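What follows is one structure encoded as structure tokens, with my remarks underneath.
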Amino acid sequence: MKFEISQEEQPTVMVAPAPEERVLDVRGLDFYYGKTRALHGVDLPVARNRITALIGPSGCGKSTLLRTLNRIYDLYPAQRAEGQILFNGENLLNPRDPVDPEASGSGRPRVGGDLARLRARIGMVFQRPTPFPMSIYDNIAFGVRLQRSVGKAEMDEIVERSLTRAALWDEAKDKLHQSGLGLSGGQQQRLCVARGIAVEPEVLLLDEPASALDPLSTAKLETALLELKDSFTIVIVTHNLQQAARISDYTAFMLMGRLIEFRPSSEAFVKPETEAMRDYVTGRYG
Amino acid sequence: MANGVPMASAPRHLRRKLTNYIFVGLTSIATALALAALVMILWSLVAKGLGGINLAAITQDQPGGGADMGQGGLRNGLVGSLILCAIGMAIALVIGILSGTWLAEYGDASRLAGTVRFINDVLLSAPSILVGLFVYELLVSHLVGHFSAIAGGVALAVLATPVITRTTEDILRLQSNQLREAGMALGAGKGLVIRAIIWRASRTGLVTGGLLGFARISGETAPLLFTSLGNPFLSVNLGQPMASLPTIIFNFALSADDNWRRLAWVAALIIAVFVLSANIIGRALAARGSSHK
């Protein structure tokens, strides 16, 4: 590892989507695991109905950043975030801040510090598949029932639609009432995607969703994500640069807890501007 | 050797080999001794218990002294033991699973949890006769005022609870944090995630804990002597003294009456079979549960 990054002077290259396109807008975010600081003043604009990829070497803070967006880190008392995460103009880190009326989606219902409501609107899929120990059908119905009571016919329809959108319907339609644990790893991961979109969130966060999958399952997952882009905003953490280049519209490159380069993916991989990102995408370290 | 490391001298090599043989020999002998004791116990139980079994052994109550050989049975003790264990398990499962869940999911590394864990470990190895005396003092001499099945059940619960608490905590800790996060990422509260997802994912382990707790109490005699006492007649009244297999063994095994001693062996065999099968089922389930991970 030849990289020596000075703690102070960081060149940041930012070619961001227009403010009115942003569903999420992270500004000056610091994150701490106890006394250890993991993020240093990170900015991250997330464009609506686009796929944003977070890349960078292990430990650079990309998963940490992702985990702040639905405040899942709140489970662990020693972890805390400071700064602003604007979701439709509302600061998730401080619900008392006034909503930015200029922001895109500022007319949508507020989260108001209610984490359950926030997570219904910003879903998450994890690195390892996490099917619940129940049937495929109930895996999908679980989150929907948390939000509202749904009749049998409507639920059947939601299950079918979610599985179809996650490209799992054909493989799962004959065993909806069998355990989700009986599926293969790739199918389980698509089940988790289906479960996440069944509650119709605005944003879907994916934390290295393909790292435990074989190439064929990865391809199926990617196809599903590209289709989902029309209805959802997707933020994906990935170690796989080809994957980021294939599916993402914007790419954020992070290093040592800082955002180094944020650009449309079509440019970012062809002509990285910073030396650090150039070295990373050409495989010089990571 | 080729890489230049000098070979150990022949005598040293021989000495190492010898030490190894001696050590392997000693451990083998110790294992054989332990196994031999188990086999002898099981063998004498089967040899002396099996011959004494007849239909009356489970359909009739315990006989009076001096009854003819083969007369009378263990019905009152069998029914009593089942009821006492059922009371004990019902209490222990509720308290044990809830407190184990608290330790794993809420208390975690807090000071209070550390204290609870320590006390639980002490209880785990508390002499059962002390537990019997404790419940005697609490229920028999004060709250209830006389020997009763309830007191017996409570004493057994005190013994089974720490086992179930411990296994519950261990089992829940095996579930990945990602599974918990996945539940909460859908907007579920912590309580619901535990009940609907974590408990369900830990089903086999929880059953195993229950079976181990049952195995722990089904042969207990000392705590029952002070609490449910024993009863020569069939009784299902929880407020009155109740018979149990261990107390029957205790009373019959040392008597001069051959028929009584026969029934003591039969009762011992029945308990052994119960404990053994609970242990085997528990372990088999645990093994199956872990291979699914």
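Lettering and numbering for the structure tokens are positional, with chains as A, B, ... in the shown order, residues counted from 1 in each chain, and ligands counted from 1 in the shown order.
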Check: which chain B residues lie within 6 Å of chain A using only C-alpha atoms, as JSON, numbers by chain: {"B": [179, 185, 186, 187, 201]}
Selection near segment 207-219 of chain A, 10 Å with only C-alpha atoms, sequence-local residues under 3 positions removed, as a VMD selection string: chain A and resid 54 to 55 62 to 64 66 to 67 124 to 129 184 to 187 189 to 190 192 to 193 222 to 225 235 to 240 243
Can you spit out the residues from that selection as a PDB file, in the first residue's frame, using C-alpha atoms?
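The result, stored in again19.pdb:
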ATOM      1  CA  LEU A  54     -20.309   3.531  -3.343  1.00  0.00           C
ATOM      2  CA  ILE A  55     -16.872   2.102  -4.018  1.00  0.00           C
ATOM      3  CA  LYS A  62     -18.720   3.109   2.386  1.00  0.00           C
ATOM      4  CA  SER A  63     -20.795   0.622   4.425  1.00  0.00           C
ATOM      5  CA  THR A  64     -20.745   3.006   7.366  1.00  0.00           C
ATOM      6  CA  LEU A  66     -24.815   3.475   3.807  1.00  0.00           C
ATOM      7  CA  ARG A  67     -25.825   2.465   7.332  1.00  0.00           C
ATOM      8  CA  MET A 124     -32.077  -2.197   3.114  1.00  0.00           C
ATOM      9  CA  VAL A 125     -30.607  -5.432   1.770  1.00  0.00           C
ATOM     10  CA  PHE A 126     -27.567  -6.902   3.487  1.00  0.00           C
ATOM     11  CA  GLN A 127     -24.341  -8.558   2.444  1.00  0.00           C
ATOM     12  CA  ARG A 128     -25.425 -12.047   3.431  1.00  0.00           C
ATOM     13  CA  PRO A 129     -28.963 -13.071   2.577  1.00  0.00           C
ATOM     14  CA  SER A 184     -30.359 -20.996  -2.874  1.00  0.00           C
ATOM     15  CA  GLY A 185     -28.158 -18.077  -1.775  1.00  0.00           C
ATOM     16  CA  GLY A 186     -28.884 -16.056  -4.904  1.00  0.00           C
ATOM     17  CA  GLN A 187     -32.608 -16.695  -4.633  1.00  0.00           C
ATOM     18  CA  GLN A 189     -30.898 -12.455  -1.817  1.00  0.00           C
ATOM     19  CA  ARG A 190     -33.549 -11.700  -4.426  1.00  0.00           C
ATOM     20  CA  CYS A 192     -34.637 -10.023   0.446  1.00  0.00           C
ATOM     21  CA  VAL A 193     -34.886  -7.487  -2.391  1.00  0.00           C
ATOM     22  CA  GLU A 222     -28.195  -6.853 -11.381  1.00  0.00           C
ATOM     23  CA  THR A 223     -30.909  -7.273 -14.006  1.00  0.00           C
ATOM     24  CA  ALA A 224     -33.518  -6.955 -11.279  1.00  0.00           C
ATOM     25  CA  LEU A 225     -31.880  -3.801  -9.919  1.00  0.00           C
ATOM     26  CA  VAL A 235     -27.732   3.112  -3.328  1.00  0.00           C
ATOM     27  CA  ILE A 236     -25.381   0.153  -3.580  1.00  0.00           C
ATOM     28  CA  VAL A 237     -22.091  -0.536  -1.843  1.00  0.00           C
ATOM     29  CA  THR A 238     -19.928  -2.804  -3.932  1.00  0.00           C
ATOM     30  CA  HIS A 239     -16.415  -4.171  -4.127  1.00  0.00           C
ATOM     31  CA  ASN A 240     -16.977  -5.153  -7.693  1.00  0.00           C
ATOM     32  CA  GLN A 243     -20.654  -4.167 -11.283  1.00  0.00           C
TER      33      GLN A 243
END
Selection near Lys229 of chain A, 8 Å with only C-alpha atoms, sequence-local residues under 3 positions removed, as a count of residues only: 8
All helix (DSSP H, G or I) residues (DSSP, backbone) inside segment 35-257 of chain B, as a ChimeraX atom specification: /B:35-50,56-59,75-107,111-124,128-143,149-174,177-185,190-201,203-218,222-225,245-253
Can you tell me which residues surround segment 19-33 of chain A at a distance of at most 6 Å, considering only C-alpha atoms, apart from same-chain residues fewer than 3 positions away, and format the answer as a tab-separated table (two decimals) with C-alpha atoms, in the first residue's frame?
chain	number	residue	atom	x	y	z
A	36	THR	CA	-12.96	6.16	16.52
A	37	ARG	CA	-13.91	8.51	13.75
A	38	ALA	CA	-14.95	6.67	10.61
A	39	LEU	CA	-16.34	9.42	8.37
A	40	HIS	CA	-14.88	12.89	7.90
A	41	GLY	CA	-17.25	15.52	6.58
A	42	VAL	CA	-18.75	13.40	3.82
A	43	ASP	CA	-21.09	14.88	1.22
A	44	LEU	CA	-23.24	12.57	-0.86
A	45	PRO	CA	-26.02	13.60	-3.21
A	46	VAL	CA	-28.36	10.78	-4.21
A	47	ALA	CA	-30.42	11.34	-7.34
A	48	ARG	CA	-34.00	10.10	-7.48
A	79	GLN	CA	-22.21	4.69	17.32
A	80	ARG	CA	-23.22	8.22	16.39
A	81	ALA	CA	-23.49	10.47	13.37
A	82	GLU	CA	-23.15	14.25	13.15
A	83	GLY	CA	-23.98	16.50	10.26
A	84	GLN	CA	-26.96	16.50	7.95
A	85	ILE	CA	-28.73	13.75	6.06
A	86	LEU	CA	-31.53	15.42	4.15
A	87	PHE	CA	-34.29	13.08	2.97
A	88	ASN	CA	-36.79	15.01	0.86
A	103	ALA	CA	-35.75	20.28	-1.90
A	104	SER	CA	-37.21	17.71	-4.23
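Taking atom CA of Ala34 of chain B and atom CA of Pro223 of chain B as endpoints, the distance between them is 27.2 Å.
Secondary structure from DSSP on the backbone puts strand (DSSP E) at the following positions of segment 103-154 of chain A: Ile122, Gly123, Met124 and Val125 of chain A.
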Residue selection dump (N, CA, C and O atoms) as a tab-separated table (two decimals), in the first residue's frame:
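Once everything was written out, this is again-v1.tsv:
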chain	number	residue	atom	x	y	z
A	122	ILE	N	-37.02	3.86	3.52
A	122	ILE	CA	-35.66	3.60	3.03
A	122	ILE	C	-35.32	2.16	3.43
A	122	ILE	O	-34.99	1.88	4.58
A	123	GLY	N	-35.47	1.24	2.49
A	123	GLY	CA	-35.27	-0.18	2.78
A	123	GLY	C	-33.81	-0.57	2.65
A	123	GLY	O	-32.98	0.19	2.15
A	124	MET	N	-33.48	-1.79	3.13
A	124	MET	CA	-32.08	-2.20	3.11
A	124	MET	C	-31.95	-3.70	2.83
A	124	MET	O	-32.72	-4.50	3.32
A	125	VAL	N	-30.93	-4.03	2.02
A	125	VAL	CA	-30.61	-5.43	1.77
A	125	VAL	C	-29.15	-5.62	2.18
A	125	VAL	O	-28.31	-4.77	1.89
